[in-house]
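Participant: Provided herewith: data_4.cif, mmCIF, C-alpha atoms.
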data_protein
#
loop_
_atom_site.label_atom_id
_atom_site.label_comp_id
_atom_site.auth_asym_id
_atom_site.auth_seq_id
_atom_site.Cartn_x
_atom_site.Cartn_y
_atom_site.Cartn_z
CA MET A 1 97.76 114.82 94.80
CA SER A 2 98.55 113.57 91.35
CA ALA A 3 96.19 114.38 88.44
CA ILE A 4 95.28 112.40 85.33
CA ALA A 5 98.04 113.07 82.78
CA LYS A 6 97.10 114.88 79.58
CA THR A 7 98.60 112.65 76.91
CA PRO A 8 98.47 112.92 73.10
CA GLU A 9 96.96 110.48 70.61
CA PRO A 10 98.60 107.05 70.84
CA PRO A 11 101.07 105.60 70.20
CA TYR A 12 103.31 106.74 73.06
CA VAL A 13 105.15 104.95 75.86
CA ALA A 14 104.04 104.24 79.44
CA CYS A 15 106.56 103.28 82.11
CA ILE A 16 104.67 101.49 84.92
CA PHE A 17 106.61 101.42 88.21
CA SER A 18 104.96 99.22 90.88
CA SER A 19 106.63 99.10 94.29
CA LEU A 20 106.49 98.04 97.90
CA ARG A 21 108.39 100.23 100.34
CA THR A 22 110.73 99.35 103.18
CA ASP A 23 110.34 101.11 106.55
CA ASP A 24 113.25 103.40 105.66
CA ASP A 25 111.87 106.87 104.92
CA HIS A 26 115.21 108.65 105.15
CA GLY A 27 115.43 111.03 102.18
CA TYR A 28 112.62 109.31 100.31
CA ALA A 29 110.02 112.10 100.03
CA GLN A 30 112.63 114.63 98.95
CA ALA A 31 114.13 112.31 96.32
CA SER A 32 110.68 111.37 95.03
CA ALA A 33 109.64 115.00 94.57
CA ARG A 34 112.99 115.86 92.97
CA MET A 35 112.66 112.94 90.50
CA GLU A 36 109.18 114.11 89.43
CA GLU A 37 110.61 117.60 88.86
CA LEU A 38 113.65 116.28 86.97
CA ALA A 39 111.58 113.88 84.83
CA ALA A 40 109.40 116.79 83.70
CA GLN A 41 112.50 118.52 82.29
CA GLN A 42 113.53 115.60 80.06
CA PRO A 43 113.01 115.46 76.29
CA GLY A 44 109.97 113.39 75.38
CA TYR A 45 108.28 113.70 78.79
CA LEU A 46 104.48 113.70 78.53
CA GLY A 47 103.28 113.43 82.12
CA ILE A 48 103.22 111.38 85.31
CA GLU A 49 100.58 109.81 87.56
CA ALA A 50 101.22 108.38 91.02
CA ALA A 51 99.26 106.75 93.84
CA ARG A 52 100.18 104.71 96.89
CA ASP A 53 98.26 102.88 99.57
CA GLY A 54 100.69 100.17 100.57
CA LEU A 55 101.40 99.23 96.96
CA GLY A 56 102.68 102.23 95.01
CA ILE A 57 102.03 102.71 91.30
CA THR A 58 103.71 105.49 89.33
CA VAL A 59 103.15 105.72 85.58
CA SER A 60 105.30 108.11 83.56
CA TYR A 61 104.46 108.80 79.92
CA TRP A 62 106.98 109.41 77.13
CA THR A 63 106.81 110.17 73.43
CA ASP A 64 108.86 107.08 72.58
CA ASP A 65 111.05 104.30 73.94
CA GLU A 66 114.26 106.29 73.39
CA SER A 67 113.01 109.06 75.69
CA ALA A 68 112.07 106.52 78.38
CA ARG A 69 115.51 104.87 78.13
CA ALA A 70 117.28 108.23 78.21
CA TRP A 71 115.44 109.18 81.42
CA LYS A 72 116.54 105.93 83.06
CA ALA A 73 120.17 106.82 82.15
CA VAL A 74 120.21 110.39 83.55
CA ALA A 75 123.06 110.44 86.10
CA GLU A 76 121.10 112.01 88.99
CA HIS A 77 118.24 109.58 88.35
CA ARG A 78 120.64 106.60 88.32
CA ARG A 79 122.00 107.55 91.73
CA VAL A 80 118.44 107.68 93.10
CA GLN A 81 117.57 104.35 91.42
CA ARG A 82 120.50 102.69 93.20
CA ARG A 83 119.47 104.19 96.52
CA GLY A 84 115.86 103.10 95.94
CA HIS A 85 116.97 99.56 95.14
CA VAL A 86 119.05 99.29 98.33
CA GLU A 87 117.16 101.46 100.86
CA TRP A 88 113.58 102.40 99.96
CA TYR A 89 112.05 99.51 98.03
CA ALA A 90 111.48 96.02 99.39
CA ALA A 91 110.35 94.98 95.88
CA TYR A 92 109.53 96.70 92.61
CA ARG A 93 108.72 96.02 88.98
CA VAL A 94 109.21 98.36 86.03
CA ARG A 95 107.21 97.61 82.89
CA ILE A 96 107.72 99.57 79.68
CA ALA A 97 104.70 99.50 77.42
CA THR A 98 103.45 101.06 74.20
CA VAL A 99 100.01 102.62 74.54
CA THR A 100 97.97 101.61 71.50
CA ARG A 101 94.50 103.01 72.30
CA GLU A 102 92.69 104.95 75.00
CA TYR A 103 89.34 106.44 75.99
CA GLY A 104 87.78 108.04 79.03
CA LYS A 105 85.70 110.71 80.70
CA PRO A 106 87.40 114.14 80.58
CA MET B 1 96.44 95.81 100.02
CA SER B 2 97.30 95.02 96.44
CA ALA B 3 100.54 93.14 95.65
CA ILE B 4 102.90 93.36 92.67
CA ALA B 5 101.40 91.16 89.94
CA LYS B 6 103.36 88.12 88.83
CA THR B 7 103.39 88.47 85.06
CA PRO B 8 105.07 86.32 82.38
CA GLU B 9 107.75 87.31 79.91
CA PRO B 10 106.60 90.17 77.64
CA PRO B 11 104.81 90.78 75.39
CA TYR B 12 101.47 90.97 77.18
CA VAL B 13 98.87 93.70 77.63
CA ALA B 14 98.45 96.27 80.43
CA CYS B 15 95.18 98.14 80.89
CA ILE B 16 95.93 101.32 82.89
CA PHE B 17 92.82 102.81 84.52
CA SER B 18 93.46 106.25 86.10
CA SER B 19 90.54 107.87 87.90
CA LEU B 20 89.30 110.64 90.14
CA ARG B 21 86.32 109.78 92.31
CA THR B 22 83.13 111.70 93.02
CA ASP B 23 81.85 111.96 96.61
CA ASP B 24 79.31 109.21 95.88
CA ASP B 25 80.45 106.04 97.68
CA HIS B 26 77.13 104.22 97.36
CA GLY B 27 77.89 100.67 96.24
CA TYR B 28 81.41 101.53 95.13
CA ALA B 29 83.53 99.32 97.41
CA GLN B 30 81.31 96.30 96.81
CA ALA B 31 81.34 96.76 93.01
CA SER B 32 85.10 97.32 93.02
CA ALA B 33 85.79 94.11 94.95
CA ARG B 34 83.35 92.17 92.77
CA MET B 35 85.01 93.42 89.56
CA GLU B 36 88.45 92.32 90.81
CA GLU B 37 86.98 88.88 91.57
CA LEU B 38 85.19 88.67 88.20
CA ALA B 39 88.24 89.87 86.23
CA ALA B 40 90.32 87.08 87.77
CA GLN B 41 87.91 84.51 86.29
CA GLN B 42 88.28 85.75 82.70
CA PRO B 43 90.33 84.01 80.00
CA GLY B 44 93.70 85.68 79.53
CA TYR B 45 93.75 87.36 82.97
CA LEU B 46 97.30 87.69 84.35
CA GLY B 47 96.89 89.88 87.44
CA ILE B 48 95.88 93.26 88.82
CA GLU B 49 97.51 96.06 90.83
CA ALA B 50 95.65 98.95 92.43
CA ALA B 51 96.45 102.02 94.54
CA ARG B 52 94.60 105.20 95.42
CA ASP B 53 95.42 108.37 97.33
CA GLY B 54 93.15 110.89 95.68
CA LEU B 55 94.13 109.75 92.18
CA GLY B 56 93.42 106.06 91.70
CA ILE B 57 95.51 103.84 89.43
CA THR B 58 94.47 100.27 88.64
CA VAL B 59 96.51 98.23 86.19
CA SER B 60 95.13 94.90 84.97
CA TYR B 61 97.33 92.57 82.94
CA TRP B 62 96.15 90.33 80.08
CA THR B 63 97.75 87.81 77.76
CA ASP B 64 96.64 89.78 74.68
CA ASP B 65 94.43 92.57 73.40
CA GLU B 66 91.53 90.22 72.64
CA SER B 67 91.35 89.18 76.30
CA ALA B 68 91.38 92.82 77.44
CA ARG B 69 88.60 93.68 74.97
CA ALA B 70 86.55 90.63 75.99
CA TRP B 71 86.76 91.68 79.66
CA LYS B 72 85.47 95.15 78.79
CA ALA B 73 82.49 93.51 77.04
CA VAL B 74 81.44 91.15 79.89
CA ALA B 75 77.79 92.06 80.65
CA GLU B 76 78.15 92.44 84.43
CA HIS B 77 81.28 94.53 83.91
CA ARG B 78 79.51 96.75 81.37
CA ARG B 79 76.75 97.51 83.85
CA VAL B 80 79.36 98.53 86.44
CA GLN B 81 81.26 100.62 83.85
CA ARG B 82 78.07 102.58 83.12
CA ARG B 83 77.43 103.13 86.80
CA GLY B 84 81.05 104.19 87.33
CA HIS B 85 80.82 106.67 84.46
CA VAL B 86 77.67 108.28 85.86
CA GLU B 87 78.04 107.93 89.65
CA TRP B 88 81.51 107.11 90.94
CA TYR B 89 84.06 108.78 88.69
CA ALA B 90 84.44 112.53 88.16
CA ALA B 91 87.03 111.77 85.47
CA TYR B 92 88.93 108.73 84.21
CA ARG B 93 91.25 107.57 81.47
CA VAL B 94 91.76 104.00 80.23
CA ARG B 95 94.96 103.29 78.33
CA ILE B 96 95.59 99.93 76.68
CA ALA B 97 99.28 99.20 76.21
CA THR B 98 101.56 96.39 75.09
CA VAL B 99 104.33 95.64 77.60
CA THR B 100 107.56 95.21 75.66
CA ARG B 101 110.17 94.83 78.41
CA GLU B 102 110.45 94.78 82.18
CA TYR B 103 112.86 94.42 85.08
CA GLY B 104 112.81 94.81 88.84
CA LYS B 105 113.66 93.61 92.32
CA PRO B 106 111.78 90.44 93.28
#
Would you mind giving the structure from this file in structure tokens?

Facilitator:
Amino acid sequence: MSAIAKTPEPPYVACIFSSLRTDDDHGYAQASARMEELAAQQPGYLGIEAARDGLGITVSYWTDDESARAWKAVAEHRRVQRRGHVEWYAAYRVRIATVTREYGKP
Amino acid sequence: MSAIAKTPEPPYVACIFSSLRTDDDHGYAQASARMEELAAQQPGYLGIEAARDGLGITVSYWTDDESARAWKAVAEHRRVQRRGHVEWYAAYRVRIATVTREYGKP
């Protein structure tokens, strides 16, 4: 299970990935776990949160827009993005946003 | 099941609500459904996406920061926020962010 990410004081960048899956599970779980592991090794990575019940929402957090763009361009990630587009996702939306304020219950 | 929200060209505002529940379900499902209904009636509302499997992530979309702030201040919503803080959520984080770009597969 995913936890609430520990992020620093804003501003920082959130990459909101909302998706609907196909019925094709072939290789999906493995690729998904590998991408979370690989993301965590990238410069500027701050954390990730994920949940799915039908609709899936994954939010990754980055120090800045350059880090988020660089992660999108990582070769192994690009191969998985192409496979996701063709095989695993019926529809998806990626929104890149700048977090300006936040609050909560620790 | 939640669908992918149909949002306009950026910029607009995303309110990312990440939460971990308590074991107390009393009144939760009803309040949650009512808040989604009430949010959709507010000025500046663009859409909502929600998923939970342990961690819950709900993202509501708004035309601007003023609309997001006004929704937080709606009296019925404030009562539910207080109840959520005390009864339903072990921990949560609310992040308000400005969406600057987006792409996807329709």

Participant: Return as a Markdown table the residues of chain A lying at most 8 Å from chain B, together with the closest atom-to-atom pair for each and the distance in Å to one decimal, counting only C-alpha atoms, with rows in chain order and ascending residue number.

Facilitator:
| residue | atom | partner | partner_atom | distance |
| --- | --- | --- | --- | --- |
| A:Met1 | CA | B:Gly54 | CA | 6.1 |
| A:Ser2 | CA | B:Leu55 | CA | 5.9 |
| A:Ala3 | CA | B:Leu55 | CA | 6.3 |
| A:Ile4 | CA | B:Ser18 | CA | 6.5 |
| A:Ala14 | CA | B:Ala97 | CA | 7.6 |
| A:Ser18 | CA | B:Ile4 | CA | 6.5 |
| A:Ser19 | CA | B:Ile4 | CA | 7.0 |
| A:Leu20 | CA | B:Ile4 | CA | 7.9 |
| A:Glu49 | CA | B:Leu55 | CA | 7.9 |
| A:Ala50 | CA | B:Leu55 | CA | 7.3 |
| A:Ala51 | CA | B:Arg52 | CA | 5.2 |
| A:Arg52 | CA | B:Ala51 | CA | 5.2 |
| A:Asp53 | CA | B:Ala51 | CA | 5.4 |
| A:Gly54 | CA | B:Met1 | CA | 6.1 |
| A:Leu55 | CA | B:Ser2 | CA | 5.9 |
| A:Gly56 | CA | B:Ala51 | CA | 6.3 |
| A:Ile57 | CA | B:Ala51 | CA | 6.5 |
| A:His85 | CA | B:Lys105 | CA | 7.4 |
| A:Ala90 | CA | B:Lys105 | CA | 7.8 |
| A:Ala91 | CA | B:Lys105 | CA | 5.1 |
| A:Tyr92 | CA | B:Lys105 | CA | 5.2 |
| A:Arg93 | CA | B:Gly104 | CA | 4.3 |
| A:Val94 | CA | B:Glu102 | CA | 5.4 |
| A:Arg95 | CA | B:Glu102 | CA | 4.4 |
| A:Ile96 | CA | B:Arg101 | CA | 5.5 |
| A:Ala97 | CA | B:Val99 | CA | 3.9 |
| A:Thr98 | CA | B:Ala97 | CA | 5.0 |
| A:Val99 | CA | B:Ala97 | CA | 3.9 |
| A:Thr100 | CA | B:Ala97 | CA | 5.5 |
| A:Arg101 | CA | B:Ile96 | CA | 5.5 |
| A:Glu102 | CA | B:Arg95 | CA | 4.4 |
| A:Tyr103 | CA | B:Val94 | CA | 5.5 |
| A:Gly104 | CA | B:Arg93 | CA | 4.3 |
| A:Lys105 | CA | B:Ala91 | CA | 5.1 |
| A:Pro106 | CA | B:Ala91 | CA | 5.4 |

Participant: Please produce chain A as a PDB file with C-alpha atoms, keeping the file's coordinate frame once it has been superposed on chain B, the fit using all Cα atoms paired in sequence order.

Facilitator:
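Listing of part.pdb after writing:
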ATOM      1  CA  MET A   1      96.413  95.815  99.992  1.00  0.00           C
ATOM      2  CA  SER A   2      97.294  95.031  96.428  1.00  0.00           C
ATOM      3  CA  ALA A   3     100.536  93.146  95.634  1.00  0.00           C
ATOM      4  CA  ILE A   4     102.894  93.363  92.666  1.00  0.00           C
ATOM      5  CA  ALA A   5     101.393  91.162  89.933  1.00  0.00           C
ATOM      6  CA  LYS A   6     103.356  88.105  88.836  1.00  0.00           C
ATOM      7  CA  THR A   7     103.390  88.468  85.065  1.00  0.00           C
ATOM      8  CA  PRO A   8     105.066  86.316  82.388  1.00  0.00           C
ATOM      9  CA  GLU A   9     107.761  87.313  79.903  1.00  0.00           C
ATOM     10  CA  PRO A  10     106.605  90.156  77.647  1.00  0.00           C
ATOM     11  CA  PRO A  11     104.824  90.768  75.397  1.00  0.00           C
ATOM     12  CA  TYR A  12     101.474  90.979  77.194  1.00  0.00           C
ATOM     13  CA  VAL A  13      98.865  93.707  77.624  1.00  0.00           C
ATOM     14  CA  ALA A  14      98.456  96.266  80.423  1.00  0.00           C
ATOM     15  CA  CYS A  15      95.188  98.138  80.893  1.00  0.00           C
ATOM     16  CA  ILE A  16      95.934 101.321  82.889  1.00  0.00           C
ATOM     17  CA  PHE A  17      92.822 102.819  84.520  1.00  0.00           C
ATOM     18  CA  SER A  18      93.460 106.252  86.102  1.00  0.00           C
ATOM     19  CA  SER A  19      90.547 107.886  87.911  1.00  0.00           C
ATOM     20  CA  LEU A  20      89.294 110.642  90.150  1.00  0.00           C
ATOM     21  CA  ARG A  21      86.298 109.786  92.307  1.00  0.00           C
ATOM     22  CA  THR A  22      83.112 111.698  93.021  1.00  0.00           C
ATOM     23  CA  ASP A  23      81.842 111.958  96.616  1.00  0.00           C
ATOM     24  CA  ASP A  24      79.316 109.201  95.894  1.00  0.00           C
ATOM     25  CA  ASP A  25      80.446 106.033  97.678  1.00  0.00           C
ATOM     26  CA  HIS A  26      77.126 104.229  97.360  1.00  0.00           C
ATOM     27  CA  GLY A  27      77.880 100.663  96.242  1.00  0.00           C
ATOM     28  CA  TYR A  28      81.400 101.518  95.133  1.00  0.00           C
ATOM     29  CA  ALA A  29      83.519  99.312  97.426  1.00  0.00           C
ATOM     30  CA  GLN A  30      81.313  96.290  96.809  1.00  0.00           C
ATOM     31  CA  ALA A  31      81.342  96.749  93.022  1.00  0.00           C
ATOM     32  CA  SER A  32      85.101  97.312  93.014  1.00  0.00           C
ATOM     33  CA  ALA A  33      85.789  94.109  94.948  1.00  0.00           C
ATOM     34  CA  ARG A  34      83.336  92.157  92.780  1.00  0.00           C
ATOM     35  CA  MET A  35      85.019  93.431  89.574  1.00  0.00           C
ATOM     36  CA  GLU A  36      88.458  92.310  90.816  1.00  0.00           C
ATOM     37  CA  GLU A  37      86.985  88.872  91.564  1.00  0.00           C
ATOM     38  CA  LEU A  38      85.196  88.669  88.200  1.00  0.00           C
ATOM     39  CA  ALA A  39      88.245  89.877  86.233  1.00  0.00           C
ATOM     40  CA  ALA A  40      90.327  87.085  87.772  1.00  0.00           C
ATOM     41  CA  GLN A  41      87.914  84.518  86.294  1.00  0.00           C
ATOM     42  CA  GLN A  42      88.272  85.750  82.701  1.00  0.00           C
ATOM     43  CA  PRO A  43      90.332  84.015  80.008  1.00  0.00           C
ATOM     44  CA  GLY A  44      93.701  85.684  79.540  1.00  0.00           C
ATOM     45  CA  TYR A  45      93.761  87.358  82.971  1.00  0.00           C
ATOM     46  CA  LEU A  46      97.291  87.685  84.363  1.00  0.00           C
ATOM     47  CA  GLY A  47      96.906  89.886  87.430  1.00  0.00           C
ATOM     48  CA  ILE A  48      95.877  93.263  88.816  1.00  0.00           C
ATOM     49  CA  GLU A  49      97.505  96.065  90.815  1.00  0.00           C
ATOM     50  CA  ALA A  50      95.657  98.966  92.426  1.00  0.00           C
ATOM     51  CA  ALA A  51      96.443 102.026  94.540  1.00  0.00           C
ATOM     52  CA  ARG A  52      94.588 105.205  95.415  1.00  0.00           C
ATOM     53  CA  ASP A  53      95.420 108.360  97.305  1.00  0.00           C
ATOM     54  CA  GLY A  54      93.143 110.885  95.666  1.00  0.00           C
ATOM     55  CA  LEU A  55      94.126 109.765  92.173  1.00  0.00           C
ATOM     56  CA  GLY A  56      93.423 106.061  91.695  1.00  0.00           C
ATOM     57  CA  ILE A  57      95.499 103.844  89.416  1.00  0.00           C
ATOM     58  CA  THR A  58      94.472 100.269  88.644  1.00  0.00           C
ATOM     59  CA  VAL A  59      96.514  98.234  86.171  1.00  0.00           C
ATOM     60  CA  SER A  60      95.131  94.910  84.967  1.00  0.00           C
ATOM     61  CA  TYR A  61      97.324  92.572  82.927  1.00  0.00           C
ATOM     62  CA  TRP A  62      96.145  90.329  80.083  1.00  0.00           C
ATOM     63  CA  THR A  63      97.751  87.820  77.754  1.00  0.00           C
ATOM     64  CA  ASP A  64      96.635  89.775  74.687  1.00  0.00           C
ATOM     65  CA  ASP A  65      94.433  92.572  73.384  1.00  0.00           C
ATOM     66  CA  GLU A  66      91.530  90.207  72.640  1.00  0.00           C
ATOM     67  CA  SER A  67      91.359  89.166  76.302  1.00  0.00           C
ATOM     68  CA  ALA A  68      91.391  92.813  77.430  1.00  0.00           C
ATOM     69  CA  ARG A  69      88.598  93.677  74.966  1.00  0.00           C
ATOM     70  CA  ALA A  70      86.562  90.639  75.995  1.00  0.00           C
ATOM     71  CA  TRP A  71      86.764  91.684  79.663  1.00  0.00           C
ATOM     72  CA  LYS A  72      85.483  95.155  78.787  1.00  0.00           C
ATOM     73  CA  ALA A  73      82.486  93.495  77.038  1.00  0.00           C
ATOM     74  CA  VAL A  74      81.432  91.159  79.890  1.00  0.00           C
ATOM     75  CA  ALA A  75      77.795  92.068  80.645  1.00  0.00           C
ATOM     76  CA  GLU A  76      78.162  92.436  84.438  1.00  0.00           C
ATOM     77  CA  HIS A  77      81.300  94.528  83.916  1.00  0.00           C
ATOM     78  CA  ARG A  78      79.513  96.763  81.376  1.00  0.00           C
ATOM     79  CA  ARG A  79      76.749  97.523  83.859  1.00  0.00           C
ATOM     80  CA  VAL A  80      79.367  98.539  86.444  1.00  0.00           C
ATOM     81  CA  GLN A  81      81.256 100.629  83.849  1.00  0.00           C
ATOM     82  CA  ARG A  82      78.076 102.595  83.122  1.00  0.00           C
ATOM     83  CA  ARG A  83      77.435 103.129  86.815  1.00  0.00           C
ATOM     84  CA  GLY A  84      81.060 104.199  87.332  1.00  0.00           C
ATOM     85  CA  HIS A  85      80.825 106.676  84.466  1.00  0.00           C
ATOM     86  CA  VAL A  86      77.652 108.277  85.862  1.00  0.00           C
ATOM     87  CA  GLU A  87      78.034 107.942  89.660  1.00  0.00           C
ATOM     88  CA  TRP A  88      81.520 107.116  90.956  1.00  0.00           C
ATOM     89  CA  TYR A  89      84.054 108.783  88.672  1.00  0.00           C
ATOM     90  CA  ALA A  90      84.423 112.519  88.161  1.00  0.00           C
ATOM     91  CA  ALA A  91      87.033 111.758  85.461  1.00  0.00           C
ATOM     92  CA  TYR A  92      88.928 108.728  84.215  1.00  0.00           C
ATOM     93  CA  ARG A  93      91.256 107.560  81.474  1.00  0.00           C
ATOM     94  CA  VAL A  94      91.762 104.005  80.237  1.00  0.00           C
ATOM     95  CA  ARG A  95      94.965 103.290  78.327  1.00  0.00           C
ATOM     96  CA  ILE A  96      95.609  99.925  76.693  1.00  0.00           C
ATOM     97  CA  ALA A  97      99.280  99.201  76.217  1.00  0.00           C
ATOM     98  CA  THR A  98     101.561  96.385  75.107  1.00  0.00           C
ATOM     99  CA  VAL A  99     104.328  95.643  77.593  1.00  0.00           C
ATOM    100  CA  THR A 100     107.557  95.205  75.642  1.00  0.00           C
ATOM    101  CA  ARG A 101     110.177  94.838  78.406  1.00  0.00           C
ATOM    102  CA  GLU A 102     110.444  94.775  82.181  1.00  0.00           C
ATOM    103  CA  TYR A 103     112.867  94.413  85.084  1.00  0.00           C
ATOM    104  CA  GLY A 104     112.808  94.784  88.838  1.00  0.00           C
ATOM    105  CA  LYS A 105     113.660  93.608  92.322  1.00  0.00           C
ATOM    106  CA  PRO A 106     111.763  90.417  93.265  1.00  0.00           C
TER     107      PRO A 106
END

Participant: In Å, how far is it from atom CA of A:Leu38 to atom CA of A:His77?

Facilitator: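 Interatomic distance, atom CA of A:Leu38 to atom CA of A:His77: 8.2 Å.
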
Participant: Report, in Å with one decimal, the straight-line distance from atom CA of B:Gly44 to atom CA of B:Gly84.

Facilitator: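 Separation of atom CA of B:Gly44 and atom CA of B:Gly84: 23.7 Å.
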
Participant: One decimal, in Å: what's the spacing between atom CA of A:Asp64 and atom CA of A:Arg21?

Facilitator: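 Answer for the atom CA of A:Asp64 to atom CA of A:Arg21 separation: 28.6 Å.
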
Participant: Report the residues retrieved by the PyMOL selection byres ((chain B and resi 24-36) around 8) from the displayed file, expressed as a ChimeraX atom specification.

Facilitator: /B:21-23,37-40,48,77,80,87-88

Participant: Please report, as JSON, the centre and edge lengths in Å to one decimal of an axis-aligned box covering all listed atoms of stretch 33-51 of chain B with 3 Å per side.

Facilitator:
{"center_x": 90.4, "center_y": 93.0, "center_z": 87.2, "size_x": 20.2, "size_y": 24.0, "size_z": 21.4}

Participant: N, CA, C and O atoms are needed for stretch 12-24 of chain B; please write them out as a short mmCIF file (atom, residue, chain, number, x, y, z; two decimals), in the frame of the given file.

Facilitator:
data_model
loop_
_atom_site.label_atom_id
_atom_site.label_comp_id
_atom_site.auth_asym_id
_atom_site.auth_seq_id
_atom_site.Cartn_x
_atom_site.Cartn_y
_atom_site.Cartn_z
N TYR B 12 102.83 91.18 76.70
CA TYR B 12 101.47 90.97 77.18
C TYR B 12 100.84 92.36 77.28
O TYR B 12 101.51 93.36 76.94
N VAL B 13 99.59 92.43 77.71
CA VAL B 13 98.87 93.70 77.63
C VAL B 13 98.58 94.26 79.03
O VAL B 13 98.22 93.50 79.95
N ALA B 14 98.79 95.56 79.19
CA ALA B 14 98.45 96.27 80.43
C ALA B 14 97.31 97.23 80.15
O ALA B 14 97.35 97.96 79.16
N CYS B 15 96.30 97.21 81.00
CA CYS B 15 95.18 98.14 80.89
C CYS B 15 95.28 99.08 82.09
O CYS B 15 95.06 98.67 83.23
N ILE B 16 95.67 100.33 81.83
CA ILE B 16 95.93 101.32 82.89
C ILE B 16 94.67 102.18 83.07
O ILE B 16 94.29 102.91 82.16
N PHE B 17 94.05 102.07 84.23
CA PHE B 17 92.82 102.81 84.52
C PHE B 17 93.14 103.86 85.59
O PHE B 17 93.39 103.53 86.74
N SER B 18 93.15 105.14 85.19
CA SER B 18 93.46 106.25 86.10
C SER B 18 92.16 107.00 86.36
O SER B 18 91.45 107.34 85.41
N SER B 19 91.86 107.29 87.62
CA SER B 19 90.54 107.87 87.90
C SER B 19 90.54 108.83 89.08
O SER B 19 91.37 108.74 89.99
N LEU B 20 89.61 109.76 89.02
CA LEU B 20 89.30 110.64 90.14
C LEU B 20 87.86 110.36 90.54
O LEU B 20 86.97 110.35 89.69
N ARG B 21 87.63 110.15 91.81
CA ARG B 21 86.32 109.78 92.31
C ARG B 21 85.40 111.00 92.50
O ARG B 21 85.87 112.12 92.66
N THR B 22 84.10 110.73 92.51
CA THR B 22 83.13 111.70 93.02
C THR B 22 83.01 111.49 94.53
O THR B 22 83.73 110.66 95.11
N ASP B 23 82.08 112.18 95.18
CA ASP B 23 81.85 111.96 96.61
C ASP B 23 80.88 110.81 96.84
O ASP B 23 80.59 110.46 97.99
N ASP B 24 80.36 110.23 95.78
CA ASP B 24 79.31 109.21 95.88
C ASP B 24 79.93 107.82 96.11
O ASP B 24 80.47 107.21 95.18
#
